[in-house]
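Encoded as structure tokens, the structure appears first; notes follow it.
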Amino acid sequence: MKIYLCSLVMLFYVSITMAQKPIVVIDPGHGGPDSGAIGTHGILEKEVVLGIAKECLALNHILFGDSLEIYLTRYRDTLISLGDRAFLAKALEADVFVSIHCNQAPNVKAQGFEIFLFNGKVNRKSYVVAHTLAQYLQSRLGIHERGITQANFQVLRQTQGHCPAILLETGFISNALEANHIQKPESQSAMSLAILQSLIKTFYDD
């Protein structure tokens with residue numbers, strides 16, 4: 001009887017713990033025929049961001065014991081509409097939506113990461129996620145910070161009012177140094193780790 005009751009308590013504890021996991025939708029931009037930005041040496045934005053997103057899945061399991069319940073808007077080289085990306089976050093009742101991109105500019109010296117929020121009324125948690133991630137990217141990875149700004153990107157606009165949402169531009173693949181850096185597996189792992197650490201800090205340390 002005691003064993004049975006202990007099992008019930010344990011199952012109850014596990015179910016509550018699982019229910020409390022933050023649901024994270026990570027959106028690797030572009031895909032399929034839409035390559036996104038094309039950087040130096042032909043590096044493709046769609047491949048870089050998918051690599052980072054899939055590494056988030058792996059590291060969440062390996063390092064953090066699946067502390068976050070992560071879903072990707074795409075798991076392979078396919079094109080998903082912007083509306084469907086936002087719809088997934090709404091359907092899953094996500095706690096946060098993170099869209100990952102790479103930047104490009106005519107000025108090949110342009111560098112650094114940027115984080116965008118919706119340019120209307122912004123969920124307070126979006127600011128928290130953005131500022132925490134910026135801190136990790138700048139202080140721990142040493143990436144130049146271009147700032148946190150606002151924009152009317154569709155995925156931000158359509159998730160507004162449903163969950164906190166940010167759009168991360170990881171760096172400029174038109175800059176040879178940043179392009180060479182971000183295409184390395186270890187660099188993508190470091191970027192993924194910064195994203196995960198910032199989300200865990202946001203949701204578990206509040």
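So you can find residues: chains in the structure tokens are A, B, ... in the order shown, residues in each start at 1, and ligands are numbered from 1 in order.
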
Next item on the list: Compile the contact shell of A:Arg85 as a PyMOL selection string: residues with an atom at most 10 Å away, counting only C-alpha atoms, same-chain residues fewer than 4 positions apart removed.
Entry: chain A and resi 25-29+72-74+80-81+89-90+97+99+154-155+158-159

Checklist line | Secondary structure check, strand (DSSP E) residues of stretch 107-137 of chain A, as a list in words | finding: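 Filtering stretch 107-137 of chain A to strand (DSSP E) leaves Phe113, Glu114, Ile115, Phe116, Leu117 and Phe118 of chain A.
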
Checklist line | DSSP alpha helix (DSSP H) selection over stretch 41-182 of chain A, as a ChimeraX atom specification | finding: /A:45-62,82-91,124-135,154-159,176-182

Selection export as a compact mmCIF listing (two decimals), in the first residue's frame, atoms kept: N, CA and C atoms:
# COMPACT_ATOMS: atom_id res chain seq x y z
N GLU A 45 21.60 31.59 -44.89
CA GLU A 45 20.94 31.88 -43.62
C GLU A 45 20.07 30.71 -43.17
N LYS A 46 19.31 30.14 -44.09
CA LYS A 46 18.36 29.08 -43.72
C LYS A 46 19.06 27.89 -43.08
N GLU A 47 20.29 27.60 -43.50
CA GLU A 47 21.03 26.46 -42.95
C GLU A 47 21.61 26.79 -41.58
N VAL A 48 22.12 27.99 -41.44
CA VAL A 48 22.71 28.40 -40.16
C VAL A 48 21.66 28.38 -39.06
N VAL A 49 20.51 29.01 -39.32
CA VAL A 49 19.49 29.13 -38.27
C VAL A 49 18.85 27.78 -37.93
N LEU A 50 18.74 26.90 -38.92
CA LEU A 50 18.21 25.56 -38.63
C LEU A 50 19.20 24.80 -37.75
N GLY A 51 20.48 24.98 -38.03
CA GLY A 51 21.51 24.33 -37.21
C GLY A 51 21.44 24.80 -35.76
N ILE A 52 21.25 26.09 -35.56
CA ILE A 52 21.15 26.64 -34.21
C ILE A 52 19.90 26.12 -33.50
N ALA A 53 18.78 26.10 -34.21
CA ALA A 53 17.51 25.64 -33.62
C ALA A 53 17.59 24.17 -33.22
N LYS A 54 18.15 23.33 -34.08
CA LYS A 54 18.25 21.90 -33.77
C LYS A 54 19.23 21.66 -32.62
N GLU A 55 20.23 22.51 -32.52
CA GLU A 55 21.17 22.39 -31.40
C GLU A 55 20.50 22.78 -30.09
N CYS A 56 19.55 23.71 -30.16
CA CYS A 56 18.76 24.06 -28.97
C CYS A 56 18.02 22.83 -28.45
N LEU A 57 17.44 22.06 -29.37
CA LEU A 57 16.76 20.82 -28.98
C LEU A 57 17.71 19.85 -28.30
N ALA A 58 18.88 19.67 -28.91
CA ALA A 58 19.84 18.70 -28.39
C ALA A 58 20.39 19.12 -27.02
N LEU A 59 20.78 20.37 -26.89
CA LEU A 59 21.38 20.84 -25.63
C LEU A 59 20.35 20.91 -24.51
N ASN A 60 19.11 21.23 -24.86
CA ASN A 60 18.05 21.23 -23.84
C ASN A 60 17.93 19.84 -23.22
N HIS A 61 18.08 18.81 -24.03
CA HIS A 61 17.99 17.43 -23.53
C HIS A 61 19.26 17.02 -22.80
N ILE A 62 20.42 17.29 -23.40
CA ILE A 62 21.69 16.80 -22.87
C ILE A 62 22.12 17.54 -21.60
N LEU A 82 4.78 32.35 -42.83
CA LEU A 82 4.91 33.15 -41.60
C LEU A 82 3.67 33.01 -40.72
N GLY A 83 2.52 32.94 -41.37
CA GLY A 83 1.28 32.78 -40.62
C GLY A 83 1.23 31.47 -39.87
N ASP A 84 1.71 30.41 -40.50
CA ASP A 84 1.71 29.09 -39.85
C ASP A 84 2.70 29.04 -38.69
N ARG A 85 3.80 29.77 -38.81
CA ARG A 85 4.79 29.82 -37.73
C ARG A 85 4.15 30.45 -36.48
N ALA A 86 3.47 31.56 -36.70
CA ALA A 86 2.80 32.23 -35.58
C ALA A 86 1.65 31.38 -35.05
N PHE A 87 0.94 30.71 -35.97
CA PHE A 87 -0.20 29.88 -35.55
C PHE A 87 0.24 28.74 -34.64
N LEU A 88 1.42 28.18 -34.92
CA LEU A 88 1.92 27.09 -34.07
C LEU A 88 2.09 27.57 -32.63
N ALA A 89 2.66 28.77 -32.47
CA ALA A 89 2.86 29.31 -31.13
C ALA A 89 1.52 29.50 -30.43
N LYS A 90 0.53 29.96 -31.16
CA LYS A 90 -0.79 30.18 -30.57
C LYS A 90 -1.47 28.85 -30.25
N ALA A 91 -1.36 27.88 -31.15
CA ALA A 91 -2.00 26.58 -30.95
C ALA A 91 -1.41 25.84 -29.75
N ARG A 124 5.50 42.46 -21.42
CA ARG A 124 6.64 42.77 -20.55
C ARG A 124 7.69 41.66 -20.59
N LYS A 125 7.22 40.42 -20.67
CA LYS A 125 8.14 39.27 -20.67
C LYS A 125 9.02 39.29 -21.92
N SER A 126 8.52 39.86 -23.01
CA SER A 126 9.34 39.96 -24.22
C SER A 126 10.58 40.79 -23.95
N TYR A 127 10.41 41.88 -23.21
CA TYR A 127 11.56 42.72 -22.84
C TYR A 127 12.54 41.93 -21.98
N VAL A 128 12.00 41.17 -21.03
CA VAL A 128 12.86 40.41 -20.12
C VAL A 128 13.68 39.39 -20.91
N VAL A 129 13.01 38.65 -21.80
CA VAL A 129 13.71 37.65 -22.62
C VAL A 129 14.78 38.32 -23.47
N ALA A 130 14.42 39.42 -24.12
CA ALA A 130 15.35 40.12 -25.00
C ALA A 130 16.58 40.63 -24.25
N HIS A 131 16.36 41.28 -23.13
CA HIS A 131 17.48 41.85 -22.37
C HIS A 131 18.36 40.76 -21.76
N THR A 132 17.75 39.68 -21.31
CA THR A 132 18.54 38.58 -20.75
C THR A 132 19.39 37.93 -21.82
N LEU A 133 18.80 37.69 -22.99
CA LEU A 133 19.55 37.09 -24.10
C LEU A 133 20.68 38.02 -24.55
N ALA A 134 20.40 39.30 -24.64
CA ALA A 134 21.42 40.26 -25.05
C ALA A 134 22.61 40.23 -24.09
N GLN A 135 22.31 40.11 -22.82
CA GLN A 135 23.37 40.05 -21.81
C GLN A 135 24.25 38.82 -22.01
N GLN A 154 6.00 40.17 -39.31
CA GLN A 154 4.72 39.45 -39.23
C GLN A 154 4.68 38.46 -38.07
N VAL A 155 5.76 37.71 -37.86
CA VAL A 155 5.72 36.71 -36.79
C VAL A 155 5.61 37.36 -35.41
N LEU A 156 6.14 38.57 -35.28
CA LEU A 156 6.01 39.29 -34.01
C LEU A 156 4.60 39.87 -33.87
N ARG A 157 4.11 40.40 -34.97
CA ARG A 157 2.77 41.01 -34.96
C ARG A 157 1.69 39.97 -34.67
N GLN A 158 1.82 38.79 -35.27
CA GLN A 158 0.77 37.78 -35.14
C GLN A 158 0.86 36.95 -33.86
N THR A 159 1.98 37.02 -33.17
CA THR A 159 2.06 36.36 -31.86
C THR A 159 1.77 37.36 -30.73
N ALA A 176 32.68 38.76 -43.33
CA ALA A 176 33.45 37.53 -43.47
C ALA A 176 33.77 36.88 -42.13
N LEU A 177 34.16 37.68 -41.15
CA LEU A 177 34.51 37.13 -39.84
C LEU A 177 33.32 36.49 -39.16
N GLU A 178 32.18 37.20 -39.17
CA GLU A 178 30.99 36.66 -38.51
C GLU A 178 30.43 35.46 -39.27
N ALA A 179 30.52 35.49 -40.60
CA ALA A 179 30.03 34.37 -41.41
C ALA A 179 30.86 33.11 -41.13
N ASN A 180 32.19 33.28 -41.12
CA ASN A 180 33.06 32.14 -40.85
C ASN A 180 32.83 31.59 -39.44
N HIS A 181 32.54 32.47 -38.52
CA HIS A 181 32.34 32.07 -37.13
C HIS A 181 31.03 31.29 -36.97
N ILE A 182 29.94 31.84 -37.48
CA ILE A 182 28.62 31.27 -37.19
C ILE A 182 28.36 29.97 -37.94

Notebook entry, point to check: Within 12 Å of A:Tyr136, counting only C-alpha atoms, which residues qualify if same-chain residues fewer than 5 places away don't, as a list in words?
Noted result: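 The residues that qualify are Phe113, Val129, Ala130, His131, Leu141, Gly142, Ile143, His144, Glu145, Ala190, Met191, Ser192, Leu193, Ala194, Ile195, Leu196, Gln197, Ser198, Leu199, Ile200, Lys201 and Thr202 of chain A.
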